[in-house]
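The structure under discussion appears below in the form of structure tokens.
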Amino acid sequence: MVCETNIQQIPSEESSKKCHPDIPLMVALEKVKSKVNTISEDDEDICPICLEEYTSENPRIVTKCSHHYHLSCIYEWNERSETCPVCSKAPDYDDEPKWYLVGVVLTNRFTSMLQL
Amino acid sequence: MTGSSASSRKVLSKIATNRLQKELVEWQVNPPSGFLHKVTDNLQRWVIEVYGAQGTIYAGEKYQLQVDFPEHYPMEAPQVIFLHPAPLHPHIYSNGHICLDILYDSWSPAMTVSSICISILSMLSSSTVKERPEDNDRYVKNCRNGRSPKETRWWFHDDKV
């Protein structure tokens with residue numbers, strides 16, 4: 001069987017996105033403490049999206065599936081797709097936030113405060 | 001067949017330029033096996049030679065891939081097509097368009113030109129027949145106005161080849 005094609009414009013993506021409710025910082029920290037310690041050792045210093053190093057001004061964040069990116073890079077990708085660029089895992093919309101800074105949990109409210 | 005839409009594409013963003021320069025350096029240090037990139041001054045369009053792998057039905061054959069990068073690469077996928085003559089393959093149309101999900105719906109910004117090339121060579125190597133897609137003539141006829149394969153709505157339901 002081959003690929004069938006149907007010539008037409010791809011419909012624009014749903015503009016609406018599901019909400020990720022904020023939860024208290026300490027509760028979230030307890031939930032993810034073990035996950036933060038399971039970051040892959042491979043290319044740990046390089047963001048796989050922009051291929052640039054992490055810095056104190058542009059630090060590493062870690063997704064729920066334990067993959068790391070610059071916050072600005074994953075934020076821009078998440079405007080197009082909710083999936084993780086490395087493992088393609090989609091968020092499961094539970095009560096946990098999507099991203100974690102090392103040692104700090106980034107709730108949606110916090111990321112919007114960063115004005116990204 | 002070289003993608004007229006690519007010529008009207010906006011120039012690369014700073015992020016795209018930085019990332020492509022890094023990919024270019026990485027390619028020169030560690031090129032994927034079976035590929036040769038003829039480096040030019042044009043960072044936005046790469047032309048890459050593909051060599052059919054030994055032990056496959058494309059062994060000893062050479063093809064050319066043309067990769068055009070959009071303004072917001074890698075947030076958007078590059079346009080990847082085979083230049084004429086495109087290899088005979090059940091997922092490659094005679095106009096060079098390639099039916100491969102990672103080039104369209106399944107693109108991720110963590111992919112690179114190098115990883116795309118490896119996927120395309122894998123797709124070629126797993127084929128046991130040299131034939132065009134069943135709908136080749138209809139599809140190519142519909143593309144005569146220079147339509148980009150990224151404007152096609154692809155249906156992927158065969159991951160064996």
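Residue numbers start at 1 in each chain; chains themselves are named A, B, ... in the order of the structure tokens; ligands are numbered from 1 in the order shown.
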
* For chain B, which residues have at least one atom within 6 Å of chain A, if we go by only C-alpha atoms? Write them as a PyMOL selection string, please. -> chain B and resi 19+108-110+133+152-156

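Computed from the coordinates, the CA of Pro78 (chain B) to CA of Ser122 (chain B) distance equals 18.6 Å.
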
* Asked: In chain B, what's strand (DSSP E or B) per DSSP? Answer as an MDAnalysis selection string?
  -> chainID B and resid 35:37 45:51 62:68 79:82 89 92 97:98 153:154

* To do: Tell me, as a PyMOL selection string, which residues lie within 6 Å of His89 (chain B), counting only C-alpha atoms; anything in the same chain fewer than 3 positions away does not count.
  => chain B and resi 92+130-132

Output N, CA and C atoms for every residue in the selection just made, as a short mmCIF file (atom, residue, chain, number, x, y, z; two decimals), in the first residue's frame.
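The resulting file, result-v1.cif, is shown below:
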```
data_model
loop_
_atom_site.label_atom_id
_atom_site.label_comp_id
_atom_site.auth_asym_id
_atom_site.auth_seq_id
_atom_site.Cartn_x
_atom_site.Cartn_y
_atom_site.Cartn_z
N ILE B 92 8.20 7.71 -3.01
CA ILE B 92 8.83 8.88 -3.61
C ILE B 92 8.20 9.13 -4.99
N LYS B 130 11.39 -1.42 -6.89
CA LYS B 130 11.60 -0.10 -7.47
C LYS B 130 10.34 0.27 -8.24
N GLU B 131 9.46 0.95 -7.59
CA GLU B 131 8.25 1.38 -8.27
C GLU B 131 7.73 2.68 -7.64
N ARG B 132 6.95 3.42 -8.44
CA ARG B 132 6.39 4.68 -7.97
C ARG B 132 5.14 4.42 -7.11
#
```

* Asked: Running DSSP on the backbone, which parts of chain B land in helix (DSSP H, G or I), as a PyMOL selection string?
  -> chain B and resi 4-7+14-29+101-103+113-125+136-142+149-151

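Taking CA of Met75 (chain B) and CA of Ser66 (chain A) as endpoints, the distance between them is 20.5 Å.
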
* Would you kindly return, as an MDAnalysis selection string, each protein, DNA or RNA residue with an atom no farther than 8 Å from any atom of Trp46 (chain B), considering only C-alpha atoms and excluding same-chain residues fewer than 6 positions away? => chainID B and resid 37:40 66:68

* To do: Using only C-alpha atoms, determine which residues lie at most 8 Å from Leu103 (chain B), disregarding the query and same-chain residues fewer than 4 positions distant; provide the list as a list in words.
  => Ala77, Pro78, Gln79, Val80, Trp107, Ile116 and Lys150 of chain B

Just to be explicit: take each residue in the selection above, keep all heavy atoms, and write the result as a PDB file, in the first residue's frame.
```pdb
ATOM      1  N   ALA B  77       9.400  22.644   9.835  1.00  0.00           N
ATOM      2  CA  ALA B  77      10.199  21.645   9.120  1.00  0.00           C
ATOM      3  C   ALA B  77      10.811  22.234   7.855  1.00  0.00           C
ATOM      4  O   ALA B  77      10.220  23.115   7.228  1.00  0.00           O
ATOM      5  CB  ALA B  77       9.332  20.447   8.752  1.00  0.00           C
ATOM      6  N   PRO B  78      11.983  21.759   7.460  1.00  0.00           N
ATOM      7  CA  PRO B  78      12.504  22.152   6.148  1.00  0.00           C
ATOM      8  C   PRO B  78      11.691  21.462   5.046  1.00  0.00           C
ATOM      9  O   PRO B  78      10.996  20.472   5.297  1.00  0.00           O
ATOM     10  CB  PRO B  78      13.946  21.633   6.171  1.00  0.00           C
ATOM     11  CG  PRO B  78      13.913  20.469   7.102  1.00  0.00           C
ATOM     12  CD  PRO B  78      12.865  20.797   8.140  1.00  0.00           C
ATOM     13  N   GLN B  79      11.799  22.002   3.832  1.00  0.00           N
ATOM     14  CA  GLN B  79      11.203  21.320   2.675  1.00  0.00           C
ATOM     15  C   GLN B  79      12.288  20.441   2.069  1.00  0.00           C
ATOM     16  O   GLN B  79      13.349  20.940   1.695  1.00  0.00           O
ATOM     17  CB  GLN B  79      10.717  22.337   1.648  1.00  0.00           C
ATOM     18  CG  GLN B  79      10.214  21.682   0.350  1.00  0.00           C
ATOM     19  CD  GLN B  79       9.956  22.711  -0.726  1.00  0.00           C
ATOM     20  OE1 GLN B  79       8.986  23.430  -0.688  1.00  0.00           O
ATOM     21  NE2 GLN B  79      10.862  22.783  -1.708  1.00  0.00           N
ATOM     22  N   VAL B  80      12.019  19.151   2.003  1.00  0.00           N
ATOM     23  CA  VAL B  80      13.021  18.201   1.501  1.00  0.00           C
ATOM     24  C   VAL B  80      12.455  17.478   0.290  1.00  0.00           C
ATOM     25  O   VAL B  80      11.393  16.842   0.377  1.00  0.00           O
ATOM     26  CB  VAL B  80      13.406  17.172   2.581  1.00  0.00           C
ATOM     27  CG1 VAL B  80      14.527  16.270   2.072  1.00  0.00           C
ATOM     28  CG2 VAL B  80      13.829  17.872   3.873  1.00  0.00           C
ATOM     29  N   TRP B 107       7.214  16.298  12.334  1.00  0.00           N
ATOM     30  CA  TRP B 107       8.447  17.060  12.506  1.00  0.00           C
ATOM     31  C   TRP B 107       8.611  17.477  13.972  1.00  0.00           C
ATOM     32  O   TRP B 107       7.633  17.783  14.669  1.00  0.00           O
ATOM     33  CB  TRP B 107       8.429  18.312  11.624  1.00  0.00           C
ATOM     34  CG  TRP B 107       9.525  19.278  11.981  1.00  0.00           C
ATOM     35  CD1 TRP B 107       9.408  20.461  12.631  1.00  0.00           C
ATOM     36  CD2 TRP B 107      10.930  19.110  11.711  1.00  0.00           C
ATOM     37  NE1 TRP B 107      10.647  21.045  12.779  1.00  0.00           N
ATOM     38  CE2 TRP B 107      11.591  20.237  12.232  1.00  0.00           C
ATOM     39  CE3 TRP B 107      11.685  18.114  11.073  1.00  0.00           C
ATOM     40  CZ2 TRP B 107      12.983  20.398  12.143  1.00  0.00           C
ATOM     41  CZ3 TRP B 107      13.065  18.276  10.992  1.00  0.00           C
ATOM     42  CH2 TRP B 107      13.691  19.401  11.517  1.00  0.00           C
ATOM     43  N   ILE B 116      17.366  13.649   9.444  1.00  0.00           N
ATOM     44  CA  ILE B 116      16.454  13.495   8.301  1.00  0.00           C
ATOM     45  C   ILE B 116      17.098  12.601   7.244  1.00  0.00           C
ATOM     46  O   ILE B 116      16.470  11.692   6.694  1.00  0.00           O
ATOM     47  CB  ILE B 116      16.129  14.873   7.676  1.00  0.00           C
ATOM     48  CG1 ILE B 116      15.265  15.701   8.613  1.00  0.00           C
ATOM     49  CG2 ILE B 116      15.431  14.693   6.321  1.00  0.00           C
ATOM     50  CD1 ILE B 116      15.107  17.145   8.136  1.00  0.00           C
ATOM     51  N   LYS B 150       5.026  20.491   1.333  1.00  0.00           N
ATOM     52  CA  LYS B 150       4.536  20.852   2.667  1.00  0.00           C
ATOM     53  C   LYS B 150       3.094  21.338   2.615  1.00  0.00           C
ATOM     54  O   LYS B 150       2.433  21.447   3.646  1.00  0.00           O
ATOM     55  CB  LYS B 150       5.437  21.930   3.289  1.00  0.00           C
ATOM     56  CG  LYS B 150       6.837  21.403   3.615  1.00  0.00           C
ATOM     57  CD  LYS B 150       7.723  22.469   4.197  1.00  0.00           C
ATOM     58  CE  LYS B 150       7.318  22.826   5.607  1.00  0.00           C
ATOM     59  NZ  LYS B 150       8.236  23.839   6.193  1.00  0.00           N
TER      60      LYS B 150
END
```
